[in-house]
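Printed here is start17.cif (mmCIF, C-alpha atoms):
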data_work
loop_
_atom_site.label_atom_id
_atom_site.label_comp_id
_atom_site.auth_asym_id
_atom_site.auth_seq_id
_atom_site.Cartn_x
_atom_site.Cartn_y
_atom_site.Cartn_z
CA LEU A 1 -62.81 -1.20 -17.29
CA SER A 2 -64.37 0.61 -14.32
CA SER A 3 -62.12 -1.30 -11.94
CA LEU A 4 -59.06 -0.36 -14.02
CA ARG A 5 -60.03 3.34 -13.94
CA ASN A 6 -60.42 3.23 -10.17
CA GLU A 7 -57.04 1.55 -9.81
CA VAL A 8 -55.34 4.19 -11.99
CA GLY A 9 -57.04 6.96 -10.01
CA VAL A 10 -55.80 5.56 -6.71
CA THR A 11 -52.27 5.24 -8.10
CA ALA A 12 -52.27 8.83 -9.34
CA ARG A 13 -53.47 10.13 -5.99
CA THR A 14 -50.84 8.07 -4.20
CA ILE A 15 -48.06 9.48 -6.39
CA CYS A 16 -49.25 13.05 -5.77
CA SER A 17 -49.49 12.55 -2.02
CA LEU A 18 -45.98 11.09 -1.85
CA LEU A 19 -44.43 13.64 -4.19
CA TYR A 20 -42.88 15.68 -1.43
CA LEU A 21 -42.51 12.84 1.09
CA GLN A 22 -40.20 10.68 -0.97
CA GLU A 23 -36.49 11.38 -1.12
CA PRO A 24 -35.79 13.32 -4.34
CA SER A 25 -33.89 11.74 -7.18
CA ASN A 26 -31.90 13.49 -9.90
CA LYS A 27 -34.58 12.85 -12.50
CA ARG A 28 -36.67 15.77 -13.72
CA VAL A 29 -40.35 15.62 -12.90
CA ARG A 30 -42.91 16.49 -15.54
CA PRO A 31 -44.89 19.56 -14.42
CA LEU A 32 -48.31 18.69 -13.10
CA SER A 33 -51.49 20.57 -13.88
CA ARG A 34 -51.68 24.22 -12.90
CA VAL A 35 -53.90 25.35 -10.06
CA THR A 36 -54.94 29.01 -9.90
CA SER A 37 -55.41 30.58 -6.50
CA LEU A 38 -54.68 32.87 -3.50
CA ALA A 39 -55.89 36.37 -3.08
CA ASN A 40 -53.39 39.02 -4.07
CA LEU A 41 -51.94 39.96 -0.72
CA ILE A 42 -49.73 42.81 -1.91
CA SER A 43 -51.22 46.06 -3.11
CA PRO A 44 -49.62 49.47 -3.62
CA VAL A 45 -49.39 51.27 -0.27
CA ARG A 46 -49.11 55.04 -0.03
CA ASN A 47 -49.23 55.58 3.72
CA GLY A 48 -45.82 56.65 5.04
CA ALA A 49 -45.10 54.15 7.80
CA VAL A 50 -46.79 51.30 5.98
CA ARG A 51 -45.05 52.10 2.68
CA ARG A 52 -41.65 52.14 4.36
CA PHE A 53 -42.39 48.85 6.06
CA GLY A 54 -43.37 47.21 2.79
CA GLN A 55 -40.34 48.56 0.95
CA THR A 56 -37.70 47.83 3.56
CA ILE A 57 -39.04 44.39 4.28
CA GLN A 58 -39.12 43.66 0.56
CA SER A 59 -35.76 45.23 -0.17
CA PHE A 60 -33.64 42.20 0.75
CA ALA A 61 -35.64 40.08 -1.67
CA LEU A 62 -34.24 42.24 -4.46
CA ARG A 63 -30.61 41.99 -3.35
CA SER A 64 -29.87 39.65 -6.23
CA ASP A 65 -30.10 42.79 -8.35
CA SER A 66 -26.79 43.86 -6.89
CA LYS A 67 -26.67 46.96 -9.06
CA SER A 68 -29.51 48.50 -7.12
CA PRO A 69 -29.01 50.25 -3.79
CA GLY A 70 -31.41 49.37 -1.00
CA CYS A 71 -32.87 52.40 0.78
CA ALA A 72 -34.74 52.69 4.04
CA GLN A 73 -36.86 55.70 3.09
CA LYS A 74 -37.38 55.18 -0.63
CA SER A 75 -37.37 52.18 -2.89
CA CYS A 76 -34.06 52.18 -4.75
CA SER A 77 -34.84 49.49 -7.26
CA ARG A 78 -37.17 49.22 -10.19
CA SER A 79 -36.87 45.46 -10.15
CA ALA A 80 -40.21 43.76 -10.10
CA ALA A 81 -41.33 42.39 -6.77
CA PRO A 82 -41.91 38.64 -6.51
CA THR A 83 -45.03 37.55 -8.36
CA PRO A 84 -47.89 37.78 -5.86
CA PRO A 85 -49.81 34.63 -5.01
CA LYS A 86 -52.61 33.79 -7.37
CA ARG A 87 -56.19 34.18 -6.20
CA ARG A 88 -57.92 31.13 -4.83
CA ASN A 89 -61.18 30.20 -6.46
CA SER A 90 -63.78 31.93 -4.32
CA VAL A 91 -67.11 33.66 -4.46
CA LEU A 92 -68.04 37.16 -3.41
CA TRP A 93 -70.02 37.68 -0.25
CA SER A 94 -72.95 39.07 -2.24
CA GLU A 95 -73.06 35.95 -4.42
CA MET A 96 -74.02 33.91 -1.35
CA LEU A 97 -77.08 36.03 -0.59
CA ASP A 98 -80.59 35.18 -1.68
CA VAL A 99 -82.47 37.70 -3.82
CA ASN A 100 -84.64 39.02 -0.96
CA MET A 101 -81.67 39.62 1.31
CA LYS A 102 -79.74 41.41 -1.43
CA GLU A 103 -82.68 43.73 -2.10
CA SER A 104 -82.97 44.66 1.59
CA LEU A 105 -79.38 46.00 1.76
CA SER A 106 -78.05 49.22 0.28
CA THR A 107 -75.23 49.12 -2.25
CA LYS A 108 -72.92 50.76 0.31
CA GLU A 109 -73.72 48.17 2.95
CA ILE A 110 -73.13 45.32 0.50
CA LYS A 111 -69.69 46.77 -0.30
CA ARG A 112 -68.97 47.10 3.41
CA GLN A 113 -69.86 43.48 4.04
CA GLU A 114 -67.78 42.47 1.01
CA ALA A 115 -64.74 44.20 2.56
CA ILE A 116 -65.31 42.52 5.92
CA TYR A 117 -65.71 39.16 4.19
CA GLU A 118 -62.48 39.72 2.26
CA MET A 119 -60.63 40.21 5.55
CA SER A 120 -62.14 37.04 6.97
CA ARG A 121 -61.37 35.01 3.86
CA GLY A 122 -57.82 36.36 3.81
CA GLU A 123 -57.28 35.14 7.37
CA GLN A 124 -58.46 31.68 6.37
CA ASP A 125 -56.13 31.64 3.37
CA LEU A 126 -53.21 32.75 5.54
CA ILE A 127 -53.85 30.02 8.10
CA GLU A 128 -53.96 27.38 5.36
CA ASP A 129 -50.67 28.61 3.89
CA LEU A 130 -48.92 28.66 7.27
CA LYS A 131 -49.98 25.08 7.85
CA LEU A 132 -48.92 24.11 4.34
CA ALA A 133 -45.45 25.61 4.82
CA ARG A 134 -44.81 23.21 7.69
CA LYS A 135 -46.57 20.17 6.27
CA ALA A 136 -45.22 20.34 2.71
CA TYR A 137 -41.78 21.87 3.26
CA HIS A 138 -40.46 21.94 6.84
CA ASP A 139 -41.48 18.49 8.06
CA PRO A 140 -40.51 16.51 4.90
CA MET A 141 -37.09 18.21 4.69
CA LEU A 142 -36.47 17.42 8.34
CA LYS A 143 -37.67 13.82 7.99
CA LEU A 144 -35.53 13.24 4.88
CA SER A 145 -32.52 15.01 6.44
CA ILE A 146 -32.39 17.41 3.51
CA MET A 147 -31.69 20.19 6.02
CA SER A 148 -30.78 20.07 9.69
CA GLU A 149 -33.28 21.04 12.36
CA GLU A 150 -31.16 24.09 13.20
CA GLU A 151 -31.15 25.28 9.59
CA LEU A 152 -34.90 24.78 9.23
CA THR A 153 -35.54 26.66 12.48
CA HIS A 154 -33.42 29.54 11.20
CA ILE A 155 -35.31 29.67 7.88
CA PHE A 156 -38.88 29.04 9.12
CA GLY A 157 -38.60 30.75 12.49
CA ASP A 158 -41.77 30.51 14.60
CA LEU A 159 -43.97 30.53 11.52
CA ASP A 160 -46.53 28.01 12.74
CA SER A 161 -46.81 29.73 16.14
CA TYR A 162 -48.77 32.51 14.43
CA ILE A 163 -51.54 30.15 13.38
CA PRO A 164 -53.45 30.44 16.73
CA LEU A 165 -53.14 34.24 16.53
CA HIS A 166 -54.97 34.37 13.20
CA GLU A 167 -57.39 31.62 14.22
CA ASP A 168 -58.44 33.83 17.13
CA LEU A 169 -59.32 36.69 14.79
CA LEU A 170 -61.17 34.34 12.48
CA ALA A 171 -63.13 32.92 15.42
CA SER A 172 -64.03 36.43 16.64
CA LEU A 173 -65.24 37.40 13.19
CA GLY A 174 -67.26 34.21 13.04
CA GLU A 175 -68.91 34.96 16.39
CA ALA A 176 -69.75 38.49 15.21
CA THR A 177 -71.40 37.19 12.02
CA LYS A 178 -75.18 37.07 12.26
CA PRO A 179 -77.27 34.23 10.80
CA ASP A 180 -77.91 36.30 7.68
CA GLY A 181 -74.16 36.56 7.06
CA THR A 182 -73.71 40.20 7.99
CA VAL A 183 -71.35 41.69 10.59
CA GLU A 184 -72.74 44.68 12.50
CA GLN A 185 -69.49 45.85 14.14
CA ILE A 186 -65.92 44.81 13.42
CA GLY A 187 -64.08 47.79 14.95
CA PRO A 188 -63.97 46.58 18.59
CA ILE A 189 -62.66 43.18 17.47
CA LEU A 190 -59.82 44.76 15.50
CA VAL A 191 -58.83 47.29 18.17
CA LYS A 192 -58.45 44.43 20.62
CA TRP A 193 -56.65 42.07 18.21
CA LEU A 194 -54.29 44.23 16.11
CA PRO A 195 -51.74 44.96 18.91
CA ARG A 196 -51.01 41.24 18.99
CA LEU A 197 -49.31 41.60 15.59
CA HIS A 198 -46.26 42.93 17.45
CA ALA A 199 -45.46 39.21 17.72
CA TYR A 200 -44.15 39.42 14.14
CA LYS A 201 -41.20 41.65 15.11
CA GLY A 202 -38.82 38.73 15.50
CA TYR A 203 -40.01 36.93 12.37
CA CYS A 204 -39.71 39.98 10.11
CA SER A 205 -36.35 40.95 11.60
CA ASN A 206 -34.98 37.50 10.80
CA GLN A 207 -36.18 37.42 7.18
CA LEU A 208 -32.98 38.83 5.67
CA ALA A 209 -30.79 36.21 7.34
CA ALA A 210 -33.37 33.48 6.62
CA LYS A 211 -33.46 34.37 2.92
CA ALA A 212 -29.65 34.38 2.75
CA LEU A 213 -29.45 30.92 4.34
CA LEU A 214 -32.17 29.55 2.06
CA ASP A 215 -30.34 30.87 -1.02
CA GLN A 216 -27.14 29.29 0.23
CA LYS A 217 -28.83 25.92 0.84
CA LYS A 218 -30.29 25.99 -2.67
CA GLN A 219 -26.78 25.29 -3.92
CA ASP A 220 -27.22 21.82 -2.43
CA ARG A 221 -28.48 19.47 -5.15
CA ARG A 222 -30.89 17.65 -2.81
CA VAL A 223 -32.44 20.89 -1.58
CA GLN A 224 -32.71 22.24 -5.11
CA ASP A 225 -34.32 19.05 -6.38
CA PHE A 226 -36.79 18.86 -3.49
CA LEU A 227 -37.90 22.48 -3.90
CA GLN A 228 -38.24 22.03 -7.66
CA ARG A 229 -40.49 19.01 -7.14
CA CYS A 230 -42.65 21.04 -4.76
CA LEU A 231 -42.84 23.91 -7.24
CA GLU A 232 -44.09 21.52 -9.92
CA SER A 233 -46.75 20.05 -7.61
CA PRO A 234 -50.33 21.34 -7.50
CA PHE A 235 -50.24 22.21 -3.79
CA SER A 236 -47.60 24.93 -4.38
CA ARG A 237 -49.80 26.86 -6.84
CA LYS A 238 -46.55 27.65 -8.70
CA LEU A 239 -45.22 29.52 -5.66
CA ASP A 240 -41.71 28.83 -4.41
CA LEU A 241 -40.88 28.25 -0.75
CA TRP A 242 -39.87 31.85 -0.12
CA SER A 243 -43.27 33.06 -1.36
CA PHE A 244 -44.89 31.03 1.42
CA LEU A 245 -42.41 32.30 4.00
CA ASP A 246 -43.07 35.87 2.87
CA ILE A 247 -46.88 35.63 2.95
CA PRO A 248 -47.15 36.87 6.58
CA ARG A 249 -45.21 40.02 5.71
CA SER A 250 -47.39 40.75 2.70
CA ARG A 251 -50.46 40.13 4.85
CA LEU A 252 -49.26 42.65 7.45
CA VAL A 253 -48.86 45.28 4.74
CA LYS A 254 -52.41 44.71 3.54
CA TYR A 255 -54.21 45.20 6.88
CA PRO A 256 -54.29 49.02 6.62
CA LEU A 257 -55.73 48.73 3.11
CA LEU A 258 -58.44 46.34 4.25
CA LEU A 259 -59.36 48.55 7.19
CA LYS A 260 -59.51 51.66 5.03
CA GLU A 261 -61.72 49.85 2.54
CA ILE A 262 -64.14 48.84 5.30
CA LEU A 263 -64.11 52.38 6.66
CA ARG A 264 -64.73 53.83 3.18
CA HIS A 265 -68.02 51.95 2.95
CA THR A 266 -69.06 52.58 6.56
CA PRO A 267 -71.60 55.40 7.09
CA LYS A 268 -70.25 58.34 9.12
CA ASP A 269 -72.94 57.89 11.77
CA HIS A 270 -72.15 54.17 12.16
CA PRO A 271 -70.69 53.17 15.58
CA ASP A 272 -67.79 51.47 13.75
CA THR A 273 -66.51 54.65 12.08
CA GLN A 274 -64.49 56.13 14.94
CA ILE A 275 -63.30 52.74 16.15
CA LEU A 276 -62.05 51.80 12.66
CA GLU A 277 -60.04 55.02 12.54
CA GLU A 278 -58.47 53.99 15.84
CA ALA A 279 -57.76 50.52 14.43
CA ILE A 280 -55.99 52.05 11.40
CA SER A 281 -53.84 54.13 13.73
CA ILE A 282 -52.97 51.00 15.73
CA ILE A 283 -51.88 48.94 12.72
CA GLN A 284 -49.78 51.80 11.36
CA GLY A 285 -48.02 52.01 14.72
CA VAL A 286 -47.45 48.25 14.74
CA LEU A 287 -45.96 48.31 11.24
CA SER A 288 -43.77 51.28 12.12
CA ASP A 289 -42.38 49.43 15.16
CA ILE A 290 -41.78 46.26 13.14
CA ASN A 291 -40.06 48.30 10.45
CA LEU A 292 -37.78 49.95 12.98
CA LYS A 293 -36.81 46.61 14.49
CA LYS A 294 -36.31 45.09 11.05
CA GLY A 295 -34.10 48.01 10.01
CA GLU A 296 -31.87 47.56 13.06
CA SER A 297 -31.61 43.85 12.36
CA GLU A 298 -30.71 44.42 8.70
CA CYS A 299 -28.11 46.99 9.72
CA GLN A 300 -26.46 44.59 12.19
CA TYR A 301 -26.58 41.78 9.62
CA TYR A 302 -24.31 43.70 7.27
CA ILE A 303 -22.10 45.10 10.02
CA ASP A 304 -21.33 41.52 11.06
CA LYS A 305 -20.24 40.71 7.49
CA LEU A 306 -17.66 43.50 7.25
CA GLU A 307 -13.98 42.53 7.16
CA TYR A 308 -11.23 45.03 7.96
CA LEU A 309 -7.73 45.01 6.45
CA ASP A 310 -6.53 47.71 8.82
CA GLU A 311 -7.48 48.46 12.42
CA LYS A 312 -7.73 52.16 11.49
CA GLN A 313 -10.78 51.32 9.36
CA LYS A 314 -12.76 50.24 12.43
CA ASP A 315 -14.70 53.40 13.07
CA PRO A 316 -16.96 53.20 16.17
CA ARG A 317 -19.71 54.88 14.15
CA ILE A 318 -20.04 51.67 12.12
CA GLU A 319 -20.60 49.39 15.12
CA GLY A 320 -22.94 51.96 16.66
CA SER A 321 -25.16 52.22 13.57
CA LYS A 322 -28.85 51.40 13.98
CA ALA A 323 -29.99 52.33 10.48
CA LEU A 324 -28.80 51.45 6.99
CA LEU A 325 -29.93 54.29 4.73
CA CYS A 326 -28.73 52.92 1.39
CA HIS A 327 -26.60 50.09 0.05
CA GLY A 328 -25.82 48.43 -3.24
CA GLU A 329 -23.31 47.83 -6.00
CA LEU A 330 -21.40 50.67 -7.67
CA LYS A 331 -18.29 50.75 -9.84
CA ASN A 332 -15.15 52.78 -9.25
CA LYS A 333 -13.26 54.64 -11.97
CA ASN A 334 -11.35 51.51 -12.91
CA GLY A 335 -14.56 49.58 -13.50
CA HIS A 336 -14.13 47.44 -10.38
CA LYS A 337 -17.29 46.50 -8.53
CA LEU A 338 -17.69 47.87 -5.04
CA TYR A 339 -20.49 47.30 -2.57
CA VAL A 340 -21.25 50.54 -0.76
CA PHE A 341 -23.06 50.98 2.57
CA LEU A 342 -24.43 54.30 3.74
CA PHE A 343 -25.07 53.88 7.46
CA GLN A 344 -26.71 56.67 9.43
CA ASP A 345 -23.38 58.35 10.28
CA ILE A 346 -20.78 56.91 7.92
CA LEU A 347 -20.20 55.79 4.31
CA VAL A 348 -18.35 52.49 3.88
CA LEU A 349 -16.98 51.22 0.56
CA THR A 350 -16.30 47.48 0.37
CA ARG A 351 -15.30 44.73 -2.00
CA PRO A 352 -17.61 41.67 -2.04
CA VAL A 353 -15.75 38.47 -1.17
CA THR A 354 -16.77 34.87 -0.53
CA ARG A 355 -15.66 33.07 2.63
CA ASN A 356 -16.58 29.39 2.97
CA GLU A 357 -19.43 29.84 0.49
CA ARG A 358 -20.72 32.83 2.46
CA GLN A 359 -20.83 36.43 1.34
CA ALA A 360 -18.62 38.93 3.15
CA TYR A 361 -17.58 42.54 2.51
CA GLN A 362 -13.95 43.61 2.72
CA VAL A 363 -13.71 47.28 3.70
CA TYR A 364 -12.03 49.29 0.93
CA ARG A 365 -10.04 52.36 1.99
CA GLN A 366 -11.03 54.51 4.94
CA PRO A 367 -14.75 54.87 5.75
CA ILE A 368 -16.01 58.47 5.40
CA PRO A 369 -18.14 59.91 8.25
CA VAL A 370 -21.10 61.83 6.79
CA GLN A 371 -20.09 64.95 8.75
CA GLU A 372 -16.76 64.92 6.91
CA LEU A 373 -18.14 63.86 3.54
CA LEU A 374 -18.27 66.03 0.42
CA LEU A 375 -20.60 64.96 -2.41
CA GLU A 376 -20.15 66.04 -6.02
CA ASP A 377 -22.93 65.34 -8.51
CA LEU A 378 -20.97 64.92 -11.75
CA GLN A 379 -22.35 65.35 -15.26
CA ASP A 380 -22.13 62.66 -17.90
CA GLY A 381 -18.97 63.01 -19.96
CA ASP A 382 -15.28 63.53 -19.38
CA VAL A 383 -14.11 63.94 -15.80
CA LYS A 384 -10.62 65.15 -15.01
CA MET A 385 -9.09 63.34 -12.12
CA GLY A 386 -5.34 63.30 -12.35
CA GLY A 387 -5.74 63.06 -16.12
CA SER A 388 -8.37 62.13 -18.64
CA PHE A 389 -11.25 60.13 -17.30
CA ARG A 390 -12.66 59.24 -20.71
CA GLY A 391 -13.59 55.59 -21.06
CA ALA A 392 -12.63 54.70 -17.50
CA PHE A 393 -15.93 52.94 -16.87
CA GLY A 394 -15.78 50.57 -19.80
CA ASN A 395 -16.18 50.65 -23.55
CA SER A 396 -18.32 53.78 -23.58
CA ASP A 397 -16.60 56.99 -24.72
CA LYS A 398 -18.19 58.91 -21.90
CA ALA A 399 -18.72 57.94 -18.30
CA LYS A 400 -22.38 58.24 -17.30
CA ASN A 401 -24.34 58.25 -14.05
CA ILE A 402 -21.34 59.22 -11.96
CA PHE A 403 -20.79 61.09 -8.71
CA ARG A 404 -17.87 61.63 -6.38
CA VAL A 405 -17.51 61.27 -2.63
CA ARG A 406 -14.49 62.40 -0.64
CA PHE A 407 -13.33 63.84 2.66
CA GLN A 408 -13.94 67.57 3.03
CA ASP A 409 -10.39 67.82 4.33
CA PRO A 410 -8.16 66.94 1.36
CA SER A 411 -5.29 65.81 3.61
CA PRO A 412 -6.46 62.15 3.76
CA GLY A 413 -6.24 62.25 -0.02
CA GLN A 414 -9.24 59.99 -0.49
CA SER A 415 -11.65 60.60 -3.34
CA HIS A 416 -13.93 58.03 -4.96
CA THR A 417 -15.64 58.57 -8.30
CA LEU A 418 -18.48 56.09 -8.50
CA GLN A 419 -20.81 54.95 -11.25
CA ALA A 420 -24.38 53.77 -10.73
CA ASN A 421 -26.16 51.35 -13.03
CA ASP A 422 -28.46 54.02 -14.45
CA VAL A 423 -29.61 57.59 -13.84
CA PHE A 424 -32.42 56.44 -11.52
CA HIS A 425 -30.05 54.64 -9.15
CA LYS A 426 -27.55 57.47 -9.30
CA GLN A 427 -30.23 59.92 -8.20
CA GLN A 428 -31.28 57.62 -5.37
CA TRP A 429 -27.70 57.49 -4.10
CA VAL A 430 -27.26 61.24 -4.40
CA ASN A 431 -30.54 61.88 -2.57
CA CYS A 432 -29.70 59.42 0.22
CA ILE A 433 -26.24 60.91 0.76
CA ARG A 434 -27.60 64.46 0.73
CA THR A 435 -30.29 63.52 3.24
CA ALA A 436 -27.67 61.94 5.53
#
Encoded form using C-alpha cells:
Amino acid sequence: LSSLRNEVGVTARTICSLLYLQEPSNKRVRPLSRVTSLANLISPVRNGAVRRFGQTIQSFALRSDSKSPGCAQKSCSRSAAPTPPKRRNSVLWSEMLDVNMKESLSTKEIKRQEAIYEMSRGEQDLIEDLKLARKAYHDPMLKLSIMSEEELTHIFGDLDSYIPLHEDLLASLGEATKPDGTVEQIGPILVKWLPRLHAYKGYCSNQLAAKALLDQKKQDRRVQDFLQRCLESPFSRKLDLWSFLDIPRSRLVKYPLLLKEILRHTPKDHPDTQILEEAISIIQGVLSDINLKKGESECQYYIDKLEYLDEKQKDPRIEGSKALLCHGELKNKNGHKLYVFLFQDILVLTRPVTRNERQAYQVYRQPIPVQELLLEDLQDGDVKMGGSFRGAFGNSDKAKNIFRVRFQDPSPGQSHTLQANDVFHKQQWVNCIRTA
C-alpha cells in the first residue's frame, strides 16, 4: 500500500510538471487546487506624477470597455482594474524576532524595519515572477511553436533582462542587514539604485502594443488552450499571463509608497531621513519620465492605426501629436458608434474597422483643430438640430449625456452631437476638451 501511494504521488507530480510543457489538446482540464499568494503590488496613489503614471499605464488594459474614454491626466473609466495578485504566504519581520530582541526595539523602529523588510520581500517576489513568466509561458510556447519567436519577443520584451537589476537591489539590502535582522540605513542604497529604473521606459512604452498582440493571439485555439491550462495550474496562482507581464509596472507604482512608509517610521534625526526624501524625489522623476515616454508611444500607436478616406483629412497636427489627452467610444445622433481621439491639438472622429483581424480607425469627416473647436455642453432632453432630436440615440424618449463639437466658423458646416455612456464619462470628455 505504501509503495502504491508513492507511485501515485510520483505520477501526480509528473503530470503537474508537464502540464505546461506538453502540447495542449482540445480537452478541458479540471481546475487544480487553489494556491493563495503574492503581495498586493497595487495600492491607491495620490501623488501627481505617480498617479498619472499608474493611470495612463493601466488605461490600455481597460480598452475593452470601449465606452470609456482614456485620459492622460484623469482616469476616465470606473471599470475595475485587473484583480491584483494574491499575497504569498509569508511572515512579518517582527514574527522572526526572539522575545528579547523585540523588547529592545521601539514600536516605531519595529514598524520601520517591517517596511524595509516588505520592500526586500517584494523584490524577491518580483524576481520569482519574472523568472516564472519565461519558464512557464515564454519558453514552452516557443518550444511548442504555439507562437513565433518574433511574436513572443514583441509580447514579453526584455522582461527577463530586469532580473539582474532587482537582484542587485536585493543583494545590497542583504549586505546592509545586520546579524540581528535590522537595517541601519537604506537611503544611500536607494538613491544609488533607483535611477536604474529608467531601464523600464522601453518595456512600459511597448505594453499597449504587446497587450493588443496578445489579445489578437488569444483568438488562436492553441494559444487559448495553453493559457487556460496555465491559469488552471497551481503555479499561476489564478493569474493570467498579462497579470505576470504587468507586475513590473505595478511594482514601479508601489516604490514611492514603500519609500514613504519607511520615511514615516524613520525618526527625524535619523541619518536616513533626508536621503529618503531625496530617494522619493528620484523615483517620482523616474515615473514621470516613463509616463511621458509611454504617452508618446501610445499616441503614435493610434496615429499609425488611422485610415484616411480623403487626403484633406490628413492634418499635420495629427502626425505631430505627442500626447493623447482622451479617447474612447461615443455615439453620434444616429446611434452609430464612433471612436474619438482628442490629441493635444486636434479632435479626430473615427469609425472602428477591422483589417486582416487587426483593429483600425477610419477617419470620419474633417478633424477639428482645438483652436477652431466650439464645445457645447447640452442638457438631457430634446435637442433641435435641423428638426426634432427626440429619440435619436435609441429607444429612450430623451437623449442623455450629450454634448456637441463643431468648427467655430460655421462655413465648413460640420457639427457633431455626441453621446457618452453615462454622465461620468460625458463630464470627463467635456473637461478634457475644455482643458485642451
To verify the selection step, state as a JSON list (two decimals) with C-alpha atoms, in the coordinates of the input which residues the PyMOL selection byres ((chain A and resi 401) around 6) yields on this input.
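Now in out.json:
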[["chain", "number", "residue", "atom", "x", "y", "z"],
["A", 400, "LYS", "CA", -22.38, 58.24, -17.30],
["A", 402, "ILE", "CA", -21.34, 59.22, -11.96],
["A", 419, "GLN", "CA", -20.81, 54.95, -11.25],
["A", 420, "ALA", "CA", -24.38, 53.77, -10.73],
["A", 422, "ASP", "CA", -28.46, 54.02, -14.45],
["A", 423, "VAL", "CA", -29.61, 57.59, -13.84],
["A", 426, "LYS", "CA", -27.55, 57.47, -9.30]]
Kindly resolve the PyMOL selection byres ((chain A and resi 418) around 8) on the present coordinates and return the residues as a PyMOL selection string. chain A and resi 330-333+402-405+416-417+419-420
Please provide the set of residues having any atom within 6 Å of range 280-297 of chain A, restricted to only C-alpha atoms, with same-chain residues fewer than 2 positions apart removed, written as an MDAnalysis selection string. chainID A and resid 49 53 201 205 256 277:278 299:300 322:323
Taking only C-alpha atoms into account, name the residue in A:Tyr117, A:Phe235, A:Tyr137, A:Tyr308 that is nearest to Val223 in chain A.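 Closest to Val223 in chain A of all the choices is A:Tyr137.
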Given the choices A:Arg237, A:Arg351, A:His166, A:Lys260, which gets closest to Gly122 in chain A if the distance is worked out from only C-alpha atoms?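 Result for the nearest residue to Gly122 in chain A: A:His166.
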Just give me the gap between CA of Ala199 in chain A and CA of Leu165 in chain A in Å, one decimal is fine.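 Distance between the two atoms: 9.2 Å.
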With distances taken over all atoms listed in the file, which residue among A:Phe156, A:Trp193, A:Phe343, A:Tyr255 lies nearest Thr435 in chain A?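 Answer, going by the shortest atom-to-atom distance: A:Phe343.
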Would you mind reading off the distance between CA of Ala115 in chain A and CA of Lys254 in chain A, one decimal, in Å? 12.4 Å
Evaluate the PyMOL selection byres ((chain A and resi 161) around 12) on the structure here and hand back the selected residues as a ChimeraX atom specification. /A:127,130-131,134,156-160,162-167,199-200,203,248
Computed interatomic separation between CA of Asp345 in chain A and CA of Asn421 in chain A (Å):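 Straight-line distance from CA of Asp345 in chain A to CA of Asn421 in chain A works out to 24.5 Å.
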Per residue of range 143-226 of chain A within 10 Å of range 355-377 of chain A, what are the shortest atom pair and its distance in Å to one decimal, counting all atoms listed in the file, with rows by chain and residue number, as JSON lines?
{"residue": "A:Ala212", "atom": "CA", "partner": "A:Arg358", "partner_atom": "CA", "distance": 9.1}
{"residue": "A:Leu213", "atom": "CA", "partner": "A:Arg358", "partner_atom": "CA", "distance": 9.1}
{"residue": "A:Gln216", "atom": "CA", "partner": "A:Arg358", "partner_atom": "CA", "distance": 7.7}
{"residue": "A:Gln219", "atom": "CA", "partner": "A:Glu357", "partner_atom": "CA", "distance": 9.7}
Residue neighbourhood Asp240 in chain A, 9 Å, all atoms listed in the file, exclusion window fewer than 6 positions, as a ChimeraX atom specification: /A:227-228,230-231
With a distance cut-off of 8 Å and all atoms listed in the file, select the neighbouring residues of Glu319 in chain A, excluding the residue or stretch itself and same-chain residues fewer than 3 positions from it, and output the selection as a PyMOL selection string. chain A and resi 303+315-316
Who sits within 7 Å of Leu208 in chain A, only C-alpha atoms, same chain under 2 positions skipped, as a list in words: Phe60, Asn206, Ala210, Lys211, Ala212 and Glu298 of chain A
File of the preceding selection, C-alpha atoms, as a JSON list (two decimals), in the frame of the given file:
[["chain", "number", "residue", "atom", "x", "y", "z"],
["A", 60, "PHE", "CA", -33.64, 42.20, 0.75],
["A", 206, "ASN", "CA", -34.98, 37.50, 10.80],
["A", 210, "ALA", "CA", -33.37, 33.48, 6.62],
["A", 211, "LYS", "CA", -33.46, 34.37, 2.92],
["A", 212, "ALA", "CA", -29.65, 34.38, 2.75],
["A", 298, "GLU", "CA", -30.71, 44.42, 8.70]]
Contact residues around Ala136 in chain A with all atoms listed in the file at 8 Å, ignoring same-chain residues under 3 positions, as a ChimeraX atom specification: /A:20,132-133,139-140,230
Nearest to Leu252 in chain A, chosen from A:Leu152, A:Arg196, A:Lys108, A:His425, with all atoms listed in the file counted in the distances: A:Arg196
Given all atoms listed in the file as the counted atoms, nearest of A:Leu173, A:Leu324, A:Leu342, A:Leu105 to Arg434 in chain A: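 Checking each candidate against Arg434 in chain A, we get A:Leu342 as the closest.
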Calculated over only C-alpha atoms, which of the candidates A:Thr182, A:Thr350, A:Glu118, A:Gly328 has the smallest distance to Glu307 in chain A?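 Using only C-alpha atoms, the shortest distance to Glu307 in chain A belongs to A:Thr350.
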If you keep N, CA and C atoms, can you output range 367-373 of chain A as a PDB file, in the first residue's frame?
ATOM      1  N   PRO A 367     -11.176  66.333 -39.311  1.00  0.00           N
ATOM      2  CA  PRO A 367     -10.707  66.562 -37.945  1.00  0.00           C
ATOM      3  C   PRO A 367     -10.830  68.039 -37.565  1.00  0.00           C
ATOM      4  N   ILE A 368     -11.097  68.308 -36.285  1.00  0.00           N
ATOM      5  CA  ILE A 368     -11.308  69.682 -35.817  1.00  0.00           C
ATOM      6  C   ILE A 368     -10.145  70.113 -34.926  1.00  0.00           C
ATOM      7  N   PRO A 369      -9.311  71.067 -35.368  1.00  0.00           N
ATOM      8  CA  PRO A 369      -8.241  71.581 -34.511  1.00  0.00           C
ATOM      9  C   PRO A 369      -8.842  72.217 -33.252  1.00  0.00           C
ATOM     10  N   VAL A 370      -8.215  72.034 -32.105  1.00  0.00           N
ATOM     11  CA  VAL A 370      -8.786  72.548 -30.858  1.00  0.00           C
ATOM     12  C   VAL A 370      -8.908  74.072 -30.882  1.00  0.00           C
ATOM     13  N   GLN A 371      -8.031  74.757 -31.616  1.00  0.00           N
ATOM     14  CA  GLN A 371      -8.110  76.214 -31.698  1.00  0.00           C
ATOM     15  C   GLN A 371      -9.336  76.671 -32.482  1.00  0.00           C
ATOM     16  N   GLU A 372      -9.891  75.769 -33.283  1.00  0.00           N
ATOM     17  CA  GLU A 372     -11.068  76.116 -34.090  1.00  0.00           C
ATOM     18  C   GLU A 372     -12.322  75.406 -33.579  1.00  0.00           C
ATOM     19  N   LEU A 373     -12.223  74.775 -32.423  1.00  0.00           N
ATOM     20  CA  LEU A 373     -13.299  73.932 -31.927  1.00  0.00           C
ATOM     21  C   LEU A 373     -14.211  74.701 -30.969  1.00  0.00           C
TER      22      LEU A 373
END
